$ cat work_33.txt   # compact mmCIF, C-alpha atoms
# COMPACT_ATOMS: atom_id res chain seq x y z
CA MET A 1 0.00 0.00 0.00
CA HIS A 2 1.24 3.49 -0.87
CA HIS A 3 1.54 5.71 2.23
CA PRO A 4 1.50 9.49 1.65
CA LYS A 5 4.01 11.53 3.62
CA TRP A 6 1.32 13.39 5.60
CA GLY A 7 -2.11 12.48 6.89
CA VAL A 8 -4.99 14.78 7.82
CA PHE A 9 -7.32 13.66 10.59
CA MET A 10 -10.34 15.62 11.86
CA GLU A 11 -12.03 15.35 15.23
CA GLU A 12 -15.83 15.29 15.46
CA HIS A 13 -15.96 18.98 16.47
CA GLY A 14 -13.80 20.00 13.50
CA LYS A 15 -10.28 20.30 14.91
CA VAL A 16 -7.72 19.16 12.34
CA HIS A 17 -4.47 17.27 13.00
CA VAL A 18 -1.76 17.09 10.33
CA VAL A 19 0.38 14.04 11.08
CA GLU A 20 3.71 13.07 9.53
CA MET A 21 3.30 9.43 8.51
CA THR A 22 6.66 8.02 9.54
CA GLU A 23 7.49 4.97 11.59
CA GLY A 24 8.31 5.14 15.29
CA THR A 25 6.39 5.78 18.48
CA ARG A 26 6.47 9.44 19.46
CA LYS A 27 4.37 12.16 21.05
CA ILE A 28 2.11 13.94 18.56
CA LYS A 29 0.64 17.22 19.78
CA GLY A 30 -3.06 16.88 20.48
CA LEU A 31 -3.13 13.11 19.96
CA GLY A 32 -0.71 11.71 22.52
CA VAL A 33 1.96 9.02 22.10
CA LEU A 34 1.54 6.73 19.09
CA ASP A 35 3.15 5.22 15.99
CA PRO A 36 1.39 6.87 13.00
CA MET A 37 2.39 4.13 10.55
CA LEU A 38 1.10 1.40 12.85
CA GLU A 39 -2.11 3.06 14.00
CA LEU A 40 -3.12 5.50 11.24
CA ALA A 41 -1.56 4.58 7.89
CA SER A 42 -4.09 1.84 7.07
CA ILE A 43 -7.07 4.19 7.58
CA ASP A 44 -8.55 5.12 4.19
CA ILE A 45 -9.98 8.53 3.25
CA GLY A 46 -13.39 8.92 4.87
CA GLN A 47 -12.86 6.17 7.44
CA GLN A 48 -12.78 6.73 11.20
CA VAL A 49 -10.32 5.60 13.85
CA LEU A 50 -10.34 5.83 17.66
CA VAL A 51 -7.19 7.43 19.09
CA GLY A 52 -7.37 7.64 22.88
CA GLN A 53 -10.79 9.18 23.51
CA LYS A 54 -10.96 10.95 20.14
CA ILE A 55 -12.80 9.72 17.06
CA LEU A 56 -10.83 10.89 14.00
CA THR A 57 -11.87 10.90 10.34
CA ARG A 58 -9.17 10.82 7.69
CA LEU A 59 -9.48 13.54 5.04
CA PRO A 60 -7.67 14.24 1.74
CA LEU A 61 -4.55 16.41 1.83
CA ARG A 62 -6.19 19.56 0.51
CA LEU A 63 -5.32 23.20 1.20
CA PRO A 64 -8.10 24.05 3.71
CA GLU A 65 -7.20 21.07 5.92
CA LEU A 66 -3.46 21.75 5.74
CA ASN A 67 -4.17 25.39 6.53
CA ARG A 68 -6.32 24.58 9.56
CA GLY A 69 -3.72 22.15 10.90
CA MET A 70 -0.67 24.27 10.14
CA VAL A 71 2.06 25.16 12.62
CA ARG A 72 1.49 28.74 13.75
CA ARG A 73 3.63 31.49 15.20
CA ALA A 74 2.99 34.80 13.46
CA GLN A 75 -0.54 35.87 12.52
CA THR A 76 -1.48 34.43 9.14
CA ILE A 77 -3.20 36.13 6.21
CA SER A 78 -6.76 34.79 6.22
CA ALA A 79 -8.33 32.80 3.39
CA LYS A 80 -10.62 35.71 2.49
CA ASP A 81 -7.65 38.05 2.00
CA ALA A 82 -5.52 35.37 0.30
CA GLY A 83 -8.31 34.66 -2.16
CA PHE A 84 -8.68 38.36 -2.94
CA PHE A 85 -4.96 38.77 -3.59
CA ILE A 86 -4.76 35.69 -5.82
CA THR A 87 -7.78 36.60 -7.96
CA ARG A 88 -7.18 40.35 -8.22
CA MET A 89 -3.47 39.86 -8.97
CA GLY A 90 -4.42 37.33 -11.64
CA LEU A 91 -2.09 34.59 -10.37
CA GLY A 92 -2.01 31.34 -12.29
CA ALA A 93 0.09 28.40 -13.42
CA GLY A 94 3.69 29.29 -14.24
CA ASP A 95 3.77 32.74 -12.65
CA THR A 96 6.73 34.08 -10.69
CA VAL A 97 5.74 35.52 -7.31
CA LEU A 98 7.80 37.42 -4.74
CA GLU A 99 6.49 37.41 -1.19
CA ALA A 100 8.12 39.41 1.62
CA GLY A 101 7.09 38.75 5.20
CA ILE A 102 5.88 35.14 5.01
CA GLY A 103 5.18 34.70 8.74
CA SER A 104 3.66 31.24 9.18
CA ALA A 105 3.21 30.87 5.37
CA GLY A 106 -0.59 30.96 5.31
CA LEU A 107 -0.62 33.00 2.09
CA SER A 108 2.46 31.17 0.79
CA MET A 109 0.56 27.89 0.68
CA HIS A 110 -2.27 29.50 -1.29
CA ILE A 111 0.24 30.94 -3.78
CA ALA A 112 2.08 27.64 -4.16
CA ARG A 113 -1.18 25.80 -4.79
CA VAL A 114 -2.16 28.20 -7.58
CA ILE A 115 1.09 28.70 -9.53
CA GLY A 116 1.89 24.98 -9.62
CA GLN A 117 4.87 23.02 -10.86
CA GLN A 118 5.89 25.53 -13.53
CA GLY A 119 5.71 28.50 -11.17
CA LYS A 120 8.49 30.18 -9.25
CA HIS A 121 7.97 31.34 -5.67
CA ILE A 122 10.50 33.54 -3.86
CA THR A 123 9.94 34.18 -0.16
CA VAL A 124 11.77 36.67 2.06
CA GLU A 125 11.57 36.82 5.85
CA PRO A 126 13.85 38.83 8.18
CA ARG A 127 12.97 36.89 11.34
CA SER A 128 14.42 33.39 11.47
CA GLU A 129 11.94 32.21 14.11
CA HIS A 130 9.06 33.04 11.75
CA ALA A 131 10.85 31.61 8.73
CA GLU A 132 11.37 28.31 10.53
CA VAL A 133 7.63 27.88 11.07
CA GLY A 134 6.67 29.11 7.61
CA LEU A 135 9.14 26.83 5.84
CA GLU A 136 7.88 23.85 7.86
CA ASN A 137 4.35 24.52 6.60
CA LEU A 138 5.60 24.83 3.03
CA ARG A 139 7.49 21.56 3.43
CA ARG A 140 4.27 19.85 4.47
CA ALA A 141 2.51 21.26 1.41
CA LYS A 142 5.29 20.22 -0.95
CA GLU A 143 5.27 16.67 0.39
CA SER A 144 1.46 16.49 0.19
CA TRP A 145 0.65 17.79 -3.29
CA LEU A 146 1.44 16.40 -6.74
CA GLU A 147 2.56 19.85 -7.93
CA PHE A 148 4.67 22.43 -6.14
CA PRO A 149 6.55 25.44 -7.56
CA GLU A 150 10.28 26.04 -7.66
CA HIS A 151 10.83 27.67 -4.28
CA HIS A 152 13.63 29.97 -3.13
CA HIS A 153 13.82 31.39 0.39
CA LEU A 154 15.97 34.35 1.40
CA GLU A 155 16.50 35.46 4.98
CA GLY A 156 16.83 39.17 5.62
CA ARG A 157 15.09 42.48 4.90
CA ILE A 158 13.67 42.76 1.41
CA GLU A 159 15.67 45.94 0.81
CA GLU A 160 18.89 44.00 1.42
CA VAL A 161 18.26 40.92 -0.72
CA ILE A 162 17.34 42.50 -4.07
CA PRO A 163 20.66 41.38 -5.68
CA HIS A 164 19.96 37.78 -4.64
CA ILE A 165 16.45 38.00 -6.11
CA LYS A 166 17.92 39.24 -9.39
CA ASP A 167 20.17 36.17 -9.43
CA ILE A 168 16.99 34.05 -9.45
CA THR A 169 14.84 36.06 -11.87
CA ALA A 170 14.99 39.33 -13.79
CA THR A 171 11.32 40.18 -13.24
CA VAL A 172 8.35 38.91 -11.26
CA ASP A 173 4.65 38.77 -12.14
CA ALA A 174 3.42 39.64 -8.66
CA ILE A 175 4.70 40.95 -5.33
CA VAL A 176 3.07 40.67 -1.91
CA LEU A 177 4.37 42.72 1.01
CA ASP A 178 3.24 41.87 4.55
CA LEU A 179 5.62 44.06 6.55
CA PRO A 180 5.66 46.54 9.45
CA GLU A 181 6.77 49.33 7.08
CA HIS A 182 6.01 49.41 3.37
CA PRO A 183 7.57 52.53 1.75
CA SER A 184 11.22 51.40 1.62
CA ALA A 185 10.17 47.91 0.53
CA ILE A 186 8.02 49.27 -2.31
CA GLN A 187 10.89 51.47 -3.46
CA ALA A 188 13.22 48.47 -3.46
CA VAL A 189 11.01 46.00 -5.35
CA ALA A 190 9.23 48.25 -7.87
CA GLU A 191 11.92 47.72 -10.53
CA LEU A 192 11.41 43.94 -10.36
CA LEU A 193 7.73 44.07 -11.30
CA ALA A 194 7.02 43.17 -14.92
CA VAL A 195 4.76 45.42 -16.97
CA GLY A 196 1.20 44.28 -16.23
CA GLY A 197 2.27 42.78 -12.92
CA ARG A 198 0.72 43.76 -9.62
CA LEU A 199 1.94 44.58 -6.14
CA ALA A 200 -0.18 43.95 -3.05
CA CYS A 201 0.31 45.32 0.45
CA TYR A 202 -1.15 43.93 3.67
CA CYS A 203 -1.43 46.80 6.15
CA PRO A 204 -2.57 46.28 9.77
CA VAL A 205 -3.36 49.99 10.32
CA SER A 206 -4.76 52.73 8.07
CA GLN A 207 -1.63 54.90 8.34
CA GLN A 208 0.37 52.14 6.65
CA LEU A 209 -2.24 51.95 3.93
CA GLU A 210 -1.84 55.65 3.14
CA GLN A 211 1.95 55.42 3.18
CA ALA A 212 1.84 52.45 0.80
CA TRP A 213 -0.52 54.31 -1.56
CA VAL A 214 1.69 57.42 -1.69
CA THR A 215 4.86 55.38 -2.25
CA CYS A 216 3.30 53.31 -5.04
CA GLU A 217 2.43 56.51 -6.90
CA GLU A 218 5.92 57.92 -6.31
CA VAL A 219 7.56 54.87 -7.95
CA GLY A 220 5.21 54.90 -10.95
CA LEU A 221 2.66 52.25 -9.97
CA THR A 222 -1.07 52.79 -10.44
CA VAL A 223 -3.19 52.06 -7.37
CA GLU A 224 -6.16 49.94 -8.47
CA TRP A 225 -7.89 49.27 -5.15
CA ALA A 226 -7.49 49.93 -1.46
CA GLY A 227 -9.76 49.02 1.42
CA GLU A 228 -10.82 46.18 3.66
CA LEU A 229 -12.81 42.97 3.29
CA MET A 230 -15.47 42.28 5.89
CA GLU A 231 -16.51 38.75 6.76
CA ARG A 232 -19.80 37.95 8.51
CA GLU A 233 -20.75 34.38 9.32
CA TRP A 234 -24.36 33.16 9.43
CA GLY A 235 -25.80 30.13 11.22
CA ARG A 236 -29.10 28.37 11.84
CA ALA A 237 -31.33 29.93 14.49
CA ALA A 238 -32.73 27.78 17.30
CA LYS A 239 -36.32 28.42 16.19
CA GLY A 240 -35.58 27.97 12.52
CA GLY A 241 -34.25 30.20 9.77
CA MET A 242 -30.82 31.80 9.43
CA ARG A 243 -29.26 34.74 11.21
CA PRO A 244 -25.82 36.33 11.64
CA VAL A 245 -23.64 34.58 14.19
CA ASN A 246 -22.84 36.74 17.22
CA GLY A 247 -19.28 38.00 17.02
CA PRO A 248 -16.99 40.42 15.19
CA PHE A 249 -17.31 41.19 11.50
CA GLY A 250 -13.88 39.69 10.87
CA HIS A 251 -11.73 42.67 9.88
CA THR A 252 -8.12 41.54 9.51
CA ALA A 253 -6.15 44.28 7.75
CA PHE A 254 -6.26 46.95 5.09
CA LEU A 255 -5.30 45.84 1.59
CA LEU A 256 -3.82 47.71 -1.34
CA LEU A 257 -3.39 46.62 -4.93
CA ALA A 258 -1.28 48.49 -7.50
CA GLN A 259 -0.22 47.70 -11.07
CA ARG A 260 2.80 48.49 -13.15
CA ASN A 261 1.16 49.43 -16.46
CA ARG A 262 4.12 51.08 -18.13
CA VAL A 263 7.90 50.96 -18.16
CA ILE A 264 9.23 52.79 -15.10
CA GLN A 265 12.11 55.09 -15.96
$ encode --input "work_33.txt" --output "structure tokens"
Amino acid sequence: MHHPKWGVFMEEHGKVHVVEMTEGTRKIKGLGVLDPMLELASIDIGQQVLVGQKILTRLPLRLPELNRGMVRRAQTISAKDAGFFITRMGLGAGDTVLEAGIGSAGLSMHIARVIGQQGKHITVEPRSEHAEVGLENLRRAKESWLEFPEHHHLEGRIEEVIPHIKDITATVDAIVLDLPEHPSAIQAVAELLAVGGRLACYCPVSQQLEQAWVTCEEVGLTVEWAGELMEREWGRAAKGGMRPVNGPFGHTAFLLLAQRNRVIQ
């Protein structure tokens, strides 16, 4: 029987566990001490298994499950924002994408899934403790999917690694910046963006959004959209019908999208 490198198992209440399917008894966070190959490898997709007091259902190795069971350290870009970036930037198979500030690689996994085997993905992260977690999540994705892009990771500030990026590629089709400060990063990467390519900024506060907008215009990029995406969940009411679930609207950050639509002198 062929055993995939990783297995995804979901508890009855929805919690997901991503388990490395290698031999040997060891402690697995959330599941206790067990040998995954002995106790879990023979469980087919859709079947259930009892581990301790938990009933687990094995699921396919798809992006939502890997995302829910990912290792986390830094705050991740949510699926609603990742989906917006991917669609509005027009990302697809074979594209070259530069991403600075990968954190736990939530967005990175979405990008890798979309650009596929022929794509090229360059990630930059100045904090090694964040990079370690993000690269672990990307490793899981690479070992789980049939297609994964050519990936290059650079440690350091984006402003400092531009020469190394140029050694990998002359231009990129898209750039995503998730950083504490955007102006100097935008100034550094603008020359790498191919004509027609787009740059996206993820800005926790509105002041950063304004600074990113002004800098994009200064370097010759055209701002296409800026704002926020609100998310409001609905559920079934006790007496029937549907109503909004009590809780926040789900604001995460302010987003900006700009395009290079001409040669920048």
$ closest_atom_pairs --input "work_33.txt" --of "stretch 57-116 of chain A" --to "stretch 128-147 of chain A" --cutoff "8 Å" --atoms "all atoms listed in the file" --output "CSV"
residue,atom,partner,partner_atom,distance
A:Leu61,CA,A:Ser144,CA,6.2
A:Leu66,CA,A:Ala141,CA,7.4
A:Met70,CA,A:Asn137,CA,6.1
A:Val71,CA,A:Val133,CA,6.4
A:Arg72,CA,A:Val133,CA,6.8
A:Arg73,CA,A:His130,CA,6.6
A:Ala74,CA,A:His130,CA,6.5
A:Ile102,CA,A:Gly134,CA,6.6
A:Gly103,CA,A:His130,CA,5.2
A:Ser104,CA,A:Gly134,CA,4.0
A:Ala105,CA,A:Gly134,CA,4.5
A:Gly106,CA,A:Gly134,CA,7.8
A:Ser108,CA,A:Leu138,CA,7.4
A:Met109,CA,A:Leu138,CA,6.3
A:Arg113,CA,A:Glu147,CA,7.7
A:Gly116,CA,A:Glu147,CA,5.4
$ residues_around --input "work_33.txt" --residues "A:Pro204" --least-positions-apart "4" --cutoff "10 Å" --atoms "all atoms listed in the file" --output "list of chain:residue names"
A:Asp178, A:Leu179, A:Pro180, A:Gln208, A:Leu209, A:His251, A:Thr252, A:Ala253, A:Phe254, A:Leu255
$ closest_residue --input "work_33.txt" --among "A:Pro126, A:Gly241, A:Gly119, A:Gly32" --to "A:Ala93" --atoms "only C-alpha atoms"
A:Gly119
$ residues_around --input "work_33.txt" --residues "stretch 213-220 of chain A" --least-positions-apart "6" --cutoff "12 Å" --atoms "only C-alpha atoms" --output "PyMOL selection string"
chain A and resi 181-193+195+198-203+206-207+226-227+254-265
$ atom_distance --input "work_33.txt" --atom1 "atom CA of A:Leu59" --atom2 "atom CA of A:Gly94"
28.2 Å
$ residues_around --input "work_33.txt" --residues "A:Lys120" --least-positions-apart "3" --cutoff "9 Å" --atoms "all atoms listed in the file" --output "list in words"
Gly94, Asp95, Thr96, Val97, Leu98, Ala112, Ile115, Gly116, Gln117, Pro149, Glu150, His151, His152 and Val172 of chain A
$ write_last_selection --input "work_33.txt" --atoms "C-alpha atoms" --output "PDB file, in the frame of the given file"
ATOM      1  CA  GLY A  94       3.690  29.290 -14.240  1.00  0.00           C
ATOM      2  CA  ASP A  95       3.770  32.740 -12.650  1.00  0.00           C
ATOM      3  CA  THR A  96       6.730  34.080 -10.690  1.00  0.00           C
ATOM      4  CA  VAL A  97       5.740  35.520  -7.310  1.00  0.00           C
ATOM      5  CA  LEU A  98       7.800  37.420  -4.740  1.00  0.00           C
ATOM      6  CA  ALA A 112       2.080  27.640  -4.160  1.00  0.00           C
ATOM      7  CA  ILE A 115       1.090  28.700  -9.530  1.00  0.00           C
ATOM      8  CA  GLY A 116       1.890  24.980  -9.620  1.00  0.00           C
ATOM      9  CA  GLN A 117       4.870  23.020 -10.860  1.00  0.00           C
ATOM     10  CA  PRO A 149       6.550  25.440  -7.560  1.00  0.00           C
ATOM     11  CA  GLU A 150      10.280  26.040  -7.660  1.00  0.00           C
ATOM     12  CA  HIS A 151      10.830  27.670  -4.280  1.00  0.00           C
ATOM     13  CA  HIS A 152      13.630  29.970  -3.130  1.00  0.00           C
ATOM     14  CA  VAL A 172       8.350  38.910 -11.260  1.00  0.00           C
TER      15      VAL A 172
END
$ closest_residue --input "work_33.txt" --among "A:Leu221, A:Met21, A:Ile165, A:Val8" --to "A:Met37" --atoms "only C-alpha atoms"
A:Met21
$ closest_residue --input "work_33.txt" --among "A:Pro64, A:Pro163, A:Pro244, A:Gly7" --to "A:Lys80" --atoms "all atoms listed in the file"
A:Pro64
$ closest_residue --input "work_33.txt" --among "A:Gly14, A:Pro60, A:Thr25, A:His110" --to "A:Ala82" --atoms "only C-alpha atoms"
A:His110
$ residues_near_point --input "work_33.txt" --point "(18.8, 40.8, -4.9)" --cutoff "12 Å" --atoms "all atoms listed in the file" --output "number ranges by chain"
A: 98, 122, 124, 153-171, 188-189, 191-192
$ atom_distance --input "work_33.txt" --atom1 "atom CA of A:Arg68" --atom2 "atom CA of A:Glu23"
24.1 Å
$ atom_distance --input "work_33.txt" --atom1 "atom CA of A:Ile43" --atom2 "atom CA of A:Arg58"
7.0 Å
$ closest_residue --input "work_33.txt" --among "A:Val33, A:Ile86, A:Val16, A:Ala100" --to "A:Val114" --atoms "all atoms listed in the file"
A:Ile86
$ build_atoms --input "work_33.txt" --residues "stretch 133-157 of chain A" --atoms "N, CA and C atoms" --output "mmCIF file, keeping the file's coordinate frame"
data_model
loop_
_atom_site.group_PDB
_atom_site.id
_atom_site.type_symbol
_atom_site.label_atom_id
_atom_site.label_comp_id
_atom_site.auth_asym_id
_atom_site.auth_seq_id
_atom_site.Cartn_x
_atom_site.Cartn_y
_atom_site.Cartn_z
ATOM 1 N N VAL A 133 9.001 28.383 11.047
ATOM 2 C CA VAL A 133 7.630 27.880 11.070
ATOM 3 C C VAL A 133 7.030 27.891 9.667
ATOM 4 N N GLY A 134 7.216 29.004 8.955
ATOM 5 C CA GLY A 134 6.670 29.110 7.610
ATOM 6 C C GLY A 134 7.228 28.063 6.663
ATOM 7 N N LEU A 135 8.511 27.819 6.727
ATOM 8 C CA LEU A 135 9.140 26.830 5.840
ATOM 9 C C LEU A 135 8.701 25.416 6.194
ATOM 10 N N GLU A 136 8.407 25.165 7.463
ATOM 11 C CA GLU A 136 7.880 23.850 7.860
ATOM 12 C C GLU A 136 6.505 23.624 7.227
ATOM 13 N N ASN A 137 5.662 24.654 7.226
ATOM 14 C CA ASN A 137 4.350 24.520 6.600
ATOM 15 C C ASN A 137 4.451 24.336 5.092
ATOM 16 N N LEU A 138 5.395 25.013 4.470
ATOM 17 C CA LEU A 138 5.600 24.830 3.030
ATOM 18 C C LEU A 138 6.151 23.438 2.732
ATOM 19 N N ARG A 139 6.984 22.923 3.623
ATOM 20 C CA ARG A 139 7.490 21.560 3.430
ATOM 21 C C ARG A 139 6.339 20.556 3.462
ATOM 22 N N ARG A 140 5.435 20.736 4.397
ATOM 23 C CA ARG A 140 4.270 19.850 4.470
ATOM 24 C C ARG A 140 3.477 19.897 3.161
ATOM 25 N N ALA A 141 3.267 21.113 2.650
ATOM 26 C CA ALA A 141 2.510 21.260 1.410
ATOM 27 C C ALA A 141 3.219 20.590 0.244
ATOM 28 N N LYS A 142 4.515 20.799 0.151
ATOM 29 C CA LYS A 142 5.290 20.220 -0.950
ATOM 30 C C LYS A 142 5.234 18.697 -0.920
ATOM 31 N N GLU A 143 5.280 18.115 0.260
ATOM 32 C CA GLU A 143 5.270 16.670 0.390
ATOM 33 C C GLU A 143 3.865 16.081 0.323
ATOM 34 N N SER A 144 2.847 16.959 0.228
ATOM 35 C CA SER A 144 1.460 16.490 0.190
ATOM 36 C C SER A 144 0.832 16.593 -1.190
ATOM 37 N N TRP A 145 1.297 17.539 -2.002
ATOM 38 C CA TRP A 145 0.650 17.790 -3.290
ATOM 39 C C TRP A 145 1.457 17.228 -4.447
ATOM 40 N N LEU A 146 0.773 16.928 -5.547
ATOM 41 C CA LEU A 146 1.440 16.400 -6.740
ATOM 42 C C LEU A 146 2.274 17.476 -7.426
ATOM 43 N N GLU A 147 1.843 18.741 -7.298
ATOM 44 C CA GLU A 147 2.560 19.850 -7.930
ATOM 45 C C GLU A 147 2.960 20.875 -6.884
ATOM 46 N N PHE A 148 4.174 21.394 -7.034
ATOM 47 C CA PHE A 148 4.670 22.430 -6.140
ATOM 48 C C PHE A 148 5.684 23.259 -6.913
ATOM 49 N N PRO A 149 5.659 24.590 -6.761
ATOM 50 C CA PRO A 149 6.550 25.440 -7.560
ATOM 51 C C PRO A 149 8.017 25.347 -7.145
ATOM 52 N N GLU A 150 8.865 25.859 -8.012
ATOM 53 C CA GLU A 150 10.280 26.040 -7.660
ATOM 54 C C GLU A 150 10.331 27.115 -6.575
ATOM 55 N N HIS A 151 10.875 26.753 -5.420
ATOM 56 C CA HIS A 151 10.830 27.670 -4.280
ATOM 57 C C HIS A 151 12.228 28.102 -3.853
ATOM 58 N N HIS A 152 12.380 29.408 -3.635
ATOM 59 C CA HIS A 152 13.630 29.970 -3.130
ATOM 60 C C HIS A 152 13.296 30.795 -1.889
ATOM 61 N N HIS A 153 14.036 30.585 -0.804
ATOM 62 C CA HIS A 153 13.820 31.390 0.390
ATOM 63 C C HIS A 153 15.080 32.185 0.731
ATOM 64 N N LEU A 154 14.877 33.460 1.037
ATOM 65 C CA LEU A 154 15.970 34.350 1.400
ATOM 66 C C LEU A 154 15.685 34.935 2.780
ATOM 67 N N GLU A 155 16.675 34.900 3.651
ATOM 68 C CA GLU A 155 16.500 35.460 4.980
ATOM 69 C C GLU A 155 17.122 36.851 5.025
ATOM 70 N N GLY A 156 16.355 37.798 5.539
ATOM 71 C CA GLY A 156 16.830 39.170 5.620
ATOM 72 C C GLY A 156 15.739 40.154 5.236
ATOM 73 N N ARG A 157 16.044 41.436 5.312
ATOM 74 C CA ARG A 157 15.090 42.480 4.900
ATOM 75 C C ARG A 157 15.037 42.525 3.384
#
